[in-house]
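Undergrad: My questions will all concern the structure given below.
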Protein chains: 4
Amino acid sequence: LYLKKTSSTPEYAGRKNTFHVALLGYGYWGINILRNLVELPQVSQISVCDINIQRLNTVKKMFPEIFVDTNYRDMLTDPDVDAVCIATPSSSHFELCKFALLQNKHVFVEKPFTSNTQEAAELMELAQSRGLIISVDHTFLYNAAVHKIKEYIDTGQTGKVAYIDCTRVNLGIYQPDVNVLWDLASHDLSIIHFLIEEHPTHIRAIGKFNLEHQRVDMAYLFLYFSSGLLVQVNCSWASPVKIRQIMLGGREKMIIYDDIEPTHKLRVYDYSRQPVDEEQRNKMLVDYRLGDITIPKFSTQEPLKAAIEDFLSCVQTGNTPISDSASARQIVYWLEKAEFSLKNNGELVAL
Amino acid sequence: LYLKKTSSTPEYAGRKNTFHVALLGYGYWGINILRNLVELPQVSQISVCDINIQRLNTVKKMFPEIFVDTNYRDMLTDPDVDAVCIATPSSSHFELCKFALLQNKHVFVEKPFTSNTQEAAELMELAQSRGLIISVDHTFLYNAAVHKIKEYIDTGQTGKVAYIDCTRVNLGIYQPDVNVLWDLASHDLSIIHFLIEEHPTHIRAIGKFNLEHQRVDMAYLFLYFSSGLLVQVNCSWASPVKIRQIMLGGREKMIIYDDIEPTHKLRVYDYSRQPVDEEQRNKMLVDYRLGDITIPKFSTQEPLKAAIEDFLSCVQTGNTPISDSASARQIVYWLEKAEFSLKNNGELVAL
Amino acid sequence: LYLKKTSSTPEYAGRKNTFHVALLGYGYWGINILRNLVELPQVSQISVCDINIQRLNTVKKMFPEIFVDTNYRDMLTDPDVDAVCIATPSSSHFELCKFALLQNKHVFVEKPFTSNTQEAAELMELAQSRGLIISVDHTFLYNAAVHKIKEYIDTGQTGKVAYIDCTRVNLGIYQPDVNVLWDLASHDLSIIHFLIEEHPTHIRAIGKFNLEHQRVDMAYLFLYFSSGLLVQVNCSWASPVKIRQIMLGGREKMIIYDDIEPTHKLRVYDYSRQPVDEEQRNKMLVDYRLGDITIPKFSTQEPLKAAIEDFLSCVQTGNTPISDSASARQIVYWLEKAEFSLKNNGELVAL
Amino acid sequence: LYLKKTSSTPEYAGRKNTFHVALLGYGYWGINILRNLVELPQVSQISVCDINIQRLNTVKKMFPEIFVDTNYRDMLTDPDVDAVCIATPSSSHFELCKFALLQNKHVFVEKPFTSNTQEAAELMELAQSRGLIISVDHTFLYNAAVHKIKEYIDTGQTGKVAYIDCTRVNLGIYQPDVNVLWDLASHDLSIIHFLIEEHPTHIRAIGKFNLEHQRVDMAYLFLYFSSGLLVQVNCSWASPVKIRQIMLGGREKMIIYDDIEPTHKLRVYDYSRQPVDEEQRNKMLVDYRLGDITIPKFSTQEPLKAAIEDFLSCVQTGNTPISDSASARQIVYWLEKAEFSLKNNGELVAL
């Protein structure tokens, strides 16, 4: 019955130019999603769902024309709704995505996609069978700095990549239902998956359980590759300072991506000239430099905005989003295996 | 026979106020040792040995009164020599230390002490049986910043230490006869041994072998403690930037020690106030801060100078140096076990 | 006639709890004002005026319930409008403020208040005679870091302030109708006026005229005080880097306020211990430090939000806003005199 | 009589390959000069003069072969001495230089050259009439970073230079006999004289007298050029932080030279692309950037060593040193005029 309503079939949405988008969850990230939705011309109507009525009142105060509701089921069964943005705690992603897909809604969901690969697979099948789009909000896949790094790698400028060393640490924003791997390392894993074609063969994670918070709040995750590439992701909720840094070492160039830096996010170190004699080598003991450093200029745009635009564009065209469910499933798979390693005392796990 | 020569018995040296010190090795670090020796009033005569005659000529040009020689055996059999500073490649430490001790010379030797614990034990026994002092040049044990951190821990200001995260990376000064663990991680291990009373129960090391240089040039070393303390040392010769940082997380305070900073080496973060409600928690998403930060002032002195002074003072008094052979042996033990883990694919090794 | 309409007399507005606010100008800063207005519960209705219809359409798309108009006269003669936020180019401030006040609207206007002190005085008189509030958007007066500095001064912790050195430079955002003094130095002048009770006796400005842009784009402004306090404001649109720094030197403490720093905005240097002998003096040649440094934690809030809230609160209570027209007039007076000095080759001008 | 002694005529020195160098003053900078002298192969003998016997004992302890004396007259009348390095307080420079030149010694003297231009002229004449070399230790003229900047200017890469903004501030190393202009600004003036061919037409200095130290300890110095170039030098002994920065704005590129930075001393900002429309202009409000930034690699050497080598090379060849007395005299002239402006309330002074 439901499927017969023209306004809600994916085919129809595909022909539409503007969409009615429902947002589930108006917390920290939901606020950012809504701010973008209201500015996008391709969004004709917005509905917001949250269990907290006070938050809904805040929305209503600012945007009286937005529909608000505490019941997501009512909202998602509305045939006028074309697409759903899910910004609720991770543990609810599977249930909400599934319900939305069953109502023939396209889905944009916060990372991590699901709690395990089985759930991810089920959602992917469901979406495929109904011709629906799933995009997972791995925002770094829409970050111009990450795309610039990929350009350096793909054009051969870096040479063969030998290592990637990621640090993503800050102070104590404990997530209610996931540990630090799923919260922070998931960002780096999505970036590595995007940058590096090769698939890792093994994974390992070493972590520290915080008794007070009953959660792993520091972890070191390693990815091993046949080519010799070694990746470490150092993530923590227990660092006094916020660091968002990726160091990538290629044979010809090394890149440091510091996401905290307002204007110098990328520094590219020319490493092509090796010291040839002892005098040069001793000089390096003084300045530790070989060649020029470049801080490339690239265009800046809010990644979240680009992510939502890509999602809505794919809803219209049927194309696959940059951050699609297949890559998101892969991240979940790695996290799942990393969690296994973590619980088994840092055991090396084959992928 | 030899022992009868009063000028060379340790007892005699112990009564002397000024000493004849021989320096073996006039490379990068030997230059720094000599610069300090010539300034110390308790050093009455210096001899320098190196196999490179050009280097000896440089010494002779600057300091005509210094004795120079290419043969260390001749130099160390000279009964006038009281003590020896060994600044040669690591692989020669055992042989040179043993020879010096057999000639009844007190020994100040570069880190790492020896290549394995057996050698370290043999040298320790030899020194003990002859009443000789061995001091190993773990310079950070004479660093005022490290002592300040110890003060914060020992006075209970940090609260229980939950983690220590060390980063010691720079570009490509490949050592001729050791890998990056023995070269760089040894510094952090000596600091941890000094700061933390508790002994680790397990160790693990994950590294990357550089085919071009035929040496492990990146490694991640972990120390596990019964109390829950987790230590990581990230060391690398393949980083485009030089970083010398130790982050220490206690329950009450966190400390960042950045040894590159000229004047702000230590930053102490007050962490005693935890966010109590969601509003505070959300505010932390903005500024990631809980309390004041203090950058303590402490006296500065060249650690190497303090190390040599401590050594010579102990030669005179018979006291044990801060950086004694027992702690140096422990560092060698950890490095030995880390190396084993490294070669066994990051296996967890009991200590 | 107009005054008889109860809904528009200031007395009425004073009794109201919620207000209809008109925003004139939807450019860079107007966007920020609107974002805050829509979130404030004391704002019941918003009208937005801009001569650019495309911008008004953007507003209408996001907030259909907002009234939009290209004619400010029609908007301001609407008796339902209680207060006006003016975010148009500086040269229009006087005319728009005057018109608004004549319609009995309370006024919140961008800095600089007016183009000269005569205009400022006329507006102040007009507002006073009608019991209307004028608040000028000197946002730094609502900045928690500035208030923290004032606390350090007023509690005597800094000791007597000897100098203030301000640097406010960035790359080339040329304002259409003012030079760099009125655009950038005005911020520092408002901060100095807020921090320092004493009035300067003389002013001087040295600048550089940019031929291409036909505008002074670099200037050095000096304020002289009887107490000996010397203030410099270095402002520029021609700097390759953005710097927002205020260095304040007191006899006991010095403060550096770096507004670019995300979390370390204030650093407080203890300067109370002076070097007493030559040895200490020589040590300073090495580390240039005397005492501890503290990075105080203070609450953070968007200053613009606090400014608008203060304005609306004063509309209701009749109190004087922190950033009132009297202090804004003083800033205009200083800028006027600085401009005179600038045009007279850096002549020293009495205030 | 004296001149007949072959060993002391400048002609003879000119034919010599190695020199006997006398060092007057073994304070902070004298220590650095001696350290370099002992390493230079062209220095065959060193004599050190200081009124402090303890210092001379320190020298003698380290370098027994060095001659030491507390009487500079005896030392400089020794016909074996070829050249003199003067590292005494500024007020003694003229007397010591004159005495040395009268004994036919070549002179390397600390900056500032003399206390006024008349003294400088007298010394220059004296040296010229006797064929002697004077080099003034403006070390930055031997700094690779400064030469790299000159290369950028001279090859036209920067385009026309519009401004130079120098900051040279630190905490409280009060000089005994000069104010902050002569101590710190002299460095920047020597750099500007080296970089810019054009001569300034006017100078101005604004400063602050420190009552406690009875000396001007903060000053802002301005140089005006016909081409429109404006230079500011901000120098202070009352800054809580040490800053050594020169910002140079050209039409095509801007350069920031941060001498504190260990490895990133120069940053070169490409400024050739101007924002063309309002969208680009608004984007600049976000990232304040136009083009790539380059951090060029250049060779590093201790500038003082290069300065002494240049001096001794000129003694031998009769060439003019990079840092010759003519340019040093010009710096003294500017400082003299700046001092006049300072004392006349910041009056603009023609050069």
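Chain lettering (A, B, ...) mirrors the order of the structure tokens, residue numbering begins at 1 for each chain separately, and ligand numbering begins at 1 in order of display.
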Could the residues of chain B within 8 Å of chain D, counting only C-alpha atoms, be given as an MDAnalysis selection string, please?

TA: chainID B and resid 38:39 41 58 61:65

Undergrad: Counting only C-alpha atoms, which of C:Leu266, C:Ala219, C:Val146, C:Ala83 gets nearest to Tyr163 (chain D)?

TA: C:Ala219

Undergrad: DSSP on the backbone, then: every residue of region 157-248 of chain C marked alpha helix (DSSP H), written as a list of chain:residue names.

TA: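 Residues meeting the alpha helix (DSSP H) criterion: C:Val180, C:Ser186, C:His187, C:Asp188, C:Leu189, C:Ser190, C:Ile191, C:Ile192, C:His193, C:Phe194, C:Leu195.
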
Undergrad: So that I can check the surroundings of region 294-309 of chain D, please list as a PyMOL selection string every protein, DNA and RNA residue that reaches within 10 Å of it, counting only C-alpha atoms and ignoring chain neighbours fewer than 2 positions away.

TA: (chain A and resi 267-270+283+286-287+289-296) or (chain D and resi 29+32-33+35-37+39-40+42-43+85+108+135-145+147-148+255-256+263-270+291-292+311-315+321-323)

Undergrad: Print the selection's residues with C-alpha atoms to a file, as a PDB file, in the first residue's frame.

TA:
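Printed below is selection00.pdb as written:
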ATOM      1  CA  ARG A 267      52.533  21.011   5.279  1.00  0.00           C
ATOM      2  CA  VAL A 268      54.323  19.103   2.550  1.00  0.00           C
ATOM      3  CA  TYR A 269      57.977  18.254   3.171  1.00  0.00           C
ATOM      4  CA  ASP A 270      60.239  17.575   0.254  1.00  0.00           C
ATOM      5  CA  LYS A 283      74.151  19.188   9.508  1.00  0.00           C
ATOM      6  CA  VAL A 286      71.239  20.696  13.648  1.00  0.00           C
ATOM      7  CA  ASP A 287      68.253  21.538  11.497  1.00  0.00           C
ATOM      8  CA  ARG A 289      65.633  19.388   7.285  1.00  0.00           C
ATOM      9  CA  LEU A 290      66.294  18.272   3.756  1.00  0.00           C
ATOM     10  CA  GLY A 291      64.298  20.417   1.389  1.00  0.00           C
ATOM     11  CA  ASP A 292      61.627  23.030   1.035  1.00  0.00           C
ATOM     12  CA  ILE A 293      58.315  22.851   2.803  1.00  0.00           C
ATOM     13  CA  THR A 294      55.120  23.878   1.028  1.00  0.00           C
ATOM     14  CA  ILE A 295      51.860  24.868   2.647  1.00  0.00           C
ATOM     15  CA  PRO A 296      49.440  24.493  -0.233  1.00  0.00           C
TER      16      PRO A 296
ATOM     17  CA  TRP D  29      79.578  37.829  23.565  1.00  0.00           C
ATOM     18  CA  ASN D  32      81.174  33.268  21.707  1.00  0.00           C
ATOM     19  CA  ILE D  33      83.963  35.058  19.846  1.00  0.00           C
ATOM     20  CA  ARG D  35      84.844  29.782  20.946  1.00  0.00           C
ATOM     21  CA  ASN D  36      85.042  30.593  17.248  1.00  0.00           C
ATOM     22  CA  LEU D  37      88.609  31.922  17.305  1.00  0.00           C
ATOM     23  CA  GLU D  39      88.406  26.683  16.012  1.00  0.00           C
ATOM     24  CA  LEU D  40      89.596  28.796  13.082  1.00  0.00           C
ATOM     25  CA  GLN D  42      93.766  30.988  10.301  1.00  0.00           C
ATOM     26  CA  VAL D  43      94.163  32.003  13.943  1.00  0.00           C
ATOM     27  CA  CYS D  85      88.207  41.759  18.439  1.00  0.00           C
ATOM     28  CA  PHE D 108      86.547  43.678  14.552  1.00  0.00           C
ATOM     29  CA  SER D 135      84.537  45.213  10.501  1.00  0.00           C
ATOM     30  CA  VAL D 136      81.592  45.796  12.809  1.00  0.00           C
ATOM     31  CA  ASP D 137      79.873  42.736  14.184  1.00  0.00           C
ATOM     32  CA  HIS D 138      76.404  43.195  12.740  1.00  0.00           C
ATOM     33  CA  THR D 139      75.925  39.434  12.800  1.00  0.00           C
ATOM     34  CA  PHE D 140      72.705  39.424  10.821  1.00  0.00           C
ATOM     35  CA  LEU D 141      74.665  40.471   7.746  1.00  0.00           C
ATOM     36  CA  TYR D 142      76.163  36.981   7.888  1.00  0.00           C
ATOM     37  CA  ASN D 143      72.868  35.231   8.509  1.00  0.00           C
ATOM     38  CA  ALA D 144      71.725  32.878   5.744  1.00  0.00           C
ATOM     39  CA  ALA D 145      68.072  33.773   6.294  1.00  0.00           C
ATOM     40  CA  HIS D 147      70.713  36.622   2.516  1.00  0.00           C
ATOM     41  CA  LYS D 148      67.811  34.445   1.358  1.00  0.00           C
ATOM     42  CA  ILE D 255      57.981  37.122   3.868  1.00  0.00           C
ATOM     43  CA  ILE D 256      57.967  36.399   7.567  1.00  0.00           C
ATOM     44  CA  THR D 263      63.643  25.029  11.340  1.00  0.00           C
ATOM     45  CA  HIS D 264      60.941  27.234   9.796  1.00  0.00           C
ATOM     46  CA  LYS D 265      62.735  30.581   9.965  1.00  0.00           C
ATOM     47  CA  LEU D 266      61.388  31.892   6.655  1.00  0.00           C
ATOM     48  CA  ARG D 267      57.846  31.637   5.390  1.00  0.00           C
ATOM     49  CA  VAL D 268      57.160  33.064   1.949  1.00  0.00           C
ATOM     50  CA  TYR D 269      53.538  33.901   1.130  1.00  0.00           C
ATOM     51  CA  ASP D 270      52.463  34.066  -2.449  1.00  0.00           C
ATOM     52  CA  GLY D 291      48.175  31.347  -2.357  1.00  0.00           C
ATOM     53  CA  ASP D 292      50.743  28.761  -1.369  1.00  0.00           C
ATOM     54  CA  PHE D 311      87.022  39.804   8.722  1.00  0.00           C
ATOM     55  CA  LEU D 312      90.188  37.678   8.700  1.00  0.00           C
ATOM     56  CA  SER D 313      89.843  37.020   4.985  1.00  0.00           C
ATOM     57  CA  CYS D 314      89.648  40.791   4.330  1.00  0.00           C
ATOM     58  CA  VAL D 315      92.679  41.342   6.569  1.00  0.00           C
ATOM     59  CA  PRO D 321      83.987  43.100   4.619  1.00  0.00           C
ATOM     60  CA  ILE D 322      80.260  42.645   4.087  1.00  0.00           C
ATOM     61  CA  SER D 323      79.771  44.399   7.408  1.00  0.00           C
TER      62      SER D 323
END

Undergrad: Using only C-alpha atoms, which of the listed residues (A:Val48, A:Phe94, A:Leu248, A:Asn104) sits closest to Glu122 (chain A)?

TA: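 Under the stated criterion, the closest residue is A:Phe94.
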
Undergrad: What does the structure give for the distance between CA of Lys16 (chain D) and CA of Gln316 (chain D), in Å to one decimal?

TA: 6.7 Å

Undergrad: Write down as a list in words the residues belonging to region 47-104 of chain B that are assigned strand (DSSP E) by DSSP computed on the backbone.

TA: Ser47, Val48, Cys49, Phe67, Val68, Asp69, Ala83, Val84, Cys85 and Ile86 of chain B

Undergrad: What is the CA of Gly156 (chain C) to CA of His213 (chain D) distance in Å?

TA: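 Rounded to one decimal, the two atoms are 22.3 Å apart.
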
Undergrad: One decimal, Å: what's the distance from CA of Ser341 (chain C) over to CA of Gln175 (chain C), could you say?

TA: 20.8 Å
